[in-house]
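A quick write-up on the structure given underneath.
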Amino acid sequence: MNFRSQTIEEKLGKAYTEHEVFKRLDKYISFYESLSFSIMNWITQGTRAIINIDTYAYSSIQGTLESIKMILVKGRINDSYALLRKYHDATIINVYTNLYLETKYSLDNFIVEDIDQWIKGEKSIPSFKTMSNFIKKETSISDFTEMIYKDDRYVSIRKRCNENMHYNSYSNLLLNDNEIHRLNRVGNLDVFLKDLDNLFIQHFMFIFSIKGHYMMSSDYIDYKDVGMEPPDDSQYWVAPFIQDVFDDVIKVNRNDIAELMKQHTSMELK
């Protein structure tokens, strides 16, 4: 009698283990790692933080995506949705804190206490609903909020995440059992990938609409560091890893957002 344990590929099938979601997760993990490093020297105005607070926000998000990948590899789709909700939360917090600082910081309000106290652990961040409403009501990004929320896809994603978090149906519970063969795991991965892409696109769009300079390539600084005069307009060049994601993800999935971003930035986003 053969008591050899099945491999994950034997359990879940090649269509699952080689699904596009794993390649996309790798792309997003690499993106956040590169972004975390590239924006480190930008000062977070309105706080007492020495290092840009987004540096650690992006490395933390990178970690969440790595966790999602590890859990999905094991076939635990239900648990992965719990972490997808955490990813959604983290991106909204990141957008909210940046937008709040942009709107509240001034020479008369040099330290924005609500955010500075949150950084120091002295105050909690507002609820998800409060942050979302703040983002939606901010006029400086109204063109982007109207575009991204013109349908109910983000409401549906949040609902799907919560249904998996709280086991609102028996089928959600079953998605965490990688021994059940009758489940349509590949179909569920297709939905998961679409949800992941939409959440990433939302974050990409908002953060670069608020912090356009985060797109800047290292060329300008590199020239300065070696005592050379940077080429004309090199401060507007976009980092290759950002342009790559813009081409492969944003244009392909939401070309309407891609065009809007190009219209609203001084950066040379192609």
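Naming scheme: A, B, ... for chains in displayed order of the structure tokens; residues 1 onward per chain; ligands 1 onward as shown.
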
*Enumerate as a list in words all residues of region 23-268 of chain A assigned to strand (DSSP E or B) by DSSP on the backbone, naming them with the chain letters and numbers the document uses.*
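Residues of region 23-268 of chain A classed as strand (DSSP E or B): Ser106, Asn109, Met216 and Val238 of chain A.
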
Suppose we keep C-alpha atoms; can you now write the selection as a PDB file, in the first residue's frame?
```pdb
ATOM      1  CA  SER A 106       0.736  74.345   6.097  1.00  0.00           C
ATOM      2  CA  ASN A 109      -0.007  73.819  10.839  1.00  0.00           C
ATOM      3  CA  MET A 216      10.571  59.943 -10.456  1.00  0.00           C
ATOM      4  CA  VAL A 238       9.440  57.952 -14.625  1.00  0.00           C
TER       5      VAL A 238
END
```

*Might you pull out every residue within 7 Å of Tyr236 (chain A), with only C-alpha atoms counted and same-chain residues fewer than 6 positions away left off, and present them as a ChimeraX atom specification?*
/A:216,266-268

*Residues at most 12 Å from Ser127 (chain A), counting only C-alpha atoms, excluding those fewer than 2 positions away in the same chain, as an MDAnalysis selection string?*
chainID A and resid 89 92:93 96 124:125 129:134

*From the list A:Leu183, A:Leu174, A:Leu84, A:Ile68, which residue is nearest Asp195 (chain A) when using only C-alpha atoms?*
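Ranking A:Leu183, A:Leu174, A:Leu84, A:Ile68 by distance to Asp195 (chain A), first place goes to A:Leu84.
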
_Those in region 74-246 of chain A with helix (DSSP H, G or I) from DSSP, as a PyMOL selection string_ = chain A and resi 77-104+113-119+128-137+139-148+153-165+170-174+185-210+212-215+219-225+234-236+240-246

*Hey, what's within 9 Å of Gln45 (chain A) if we count only C-alpha atoms and toss same-chain stuff fewer than 5 positions away? As a list in words, please?*
Asn52, Leu101, Glu102, Tyr105, Phe110, Ile111 and Val112 of chain A

Take the residues that were just selected and, keeping C-alpha atoms, output them as a PDB file, in the first residue's frame.
```pdb
ATOM      1  CA  ASN A  52       9.338  58.755   4.894  1.00  0.00           C
ATOM      2  CA  LEU A 101      -1.336  65.455   5.215  1.00  0.00           C
ATOM      3  CA  GLU A 102      -1.566  67.144   1.813  1.00  0.00           C
ATOM      4  CA  TYR A 105      -0.255  70.672   6.296  1.00  0.00           C
ATOM      5  CA  PHE A 110       3.519  72.479  10.546  1.00  0.00           C
ATOM      6  CA  ILE A 111       2.751  69.260  12.432  1.00  0.00           C
ATOM      7  CA  VAL A 112      -0.523  67.532  11.567  1.00  0.00           C
TER       8      VAL A 112
END
```

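The gap separating CA of Ser30 (chain A) from CA of Ile119 (chain A) is 25.3 Å, in Å to one decimal.
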
_Who sits within 12 Å of Leu175 (chain A), only C-alpha atoms, same chain under 5 positions skipped, as a list in words_ =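 The filter keeps Leu12, Ile71, Leu72, Lys74, Gly75, Arg76, Ile77, Asn78, Asp79, Ser80, Tyr81, Glu163, Asn164, Met165, Tyr167, Ser169, Tyr170, Ile180, His181, Arg182, Leu183, Asn184, Arg185, Val186, Gly187, Asn188 and Leu189 of chain A.
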
Atoms to include: C-alpha atoms. Write the selected residues as a compact mmCIF listing (two decimals), in the first residue's frame.
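Written out: selection-v2.txt:
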```txt
# COMPACT_ATOMS: atom_id res chain seq x y z
CA LEU A 12 -4.92 21.11 -6.69
CA ILE A 71 -1.34 30.83 1.58
CA LEU A 72 -2.70 30.60 -1.97
CA LYS A 74 -1.32 25.87 -0.19
CA GLY A 75 -4.82 26.14 -1.66
CA ARG A 76 -6.27 28.15 1.24
CA ILE A 77 -8.35 30.57 -0.83
CA ASN A 78 -10.62 31.56 2.05
CA ASP A 79 -7.71 32.67 4.26
CA SER A 80 -6.26 34.54 1.30
CA TYR A 81 -9.40 36.66 1.10
CA GLU A 163 -18.10 37.12 3.36
CA ASN A 164 -14.94 35.02 3.44
CA MET A 165 -13.76 36.61 6.70
CA TYR A 167 -17.98 32.55 6.77
CA SER A 169 -21.83 30.87 3.54
CA TYR A 170 -20.71 27.27 3.89
CA ILE A 180 -11.89 18.71 -1.53
CA HIS A 181 -11.72 17.90 -5.23
CA ARG A 182 -15.12 19.10 -6.44
CA LEU A 183 -14.43 22.79 -5.75
CA ASN A 184 -13.95 25.12 -8.70
CA ARG A 185 -10.65 26.44 -7.37
CA VAL A 186 -9.43 27.78 -10.71
CA GLY A 187 -12.66 29.73 -11.15
CA ASN A 188 -12.25 31.16 -7.67
CA LEU A 189 -8.64 32.10 -8.44
```

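Nearest to Asp197 (chain A) of all the residues A:Leu99, A:Ile250, A:Met70, A:Leu269 is A:Ile250, based on only C-alpha atoms.
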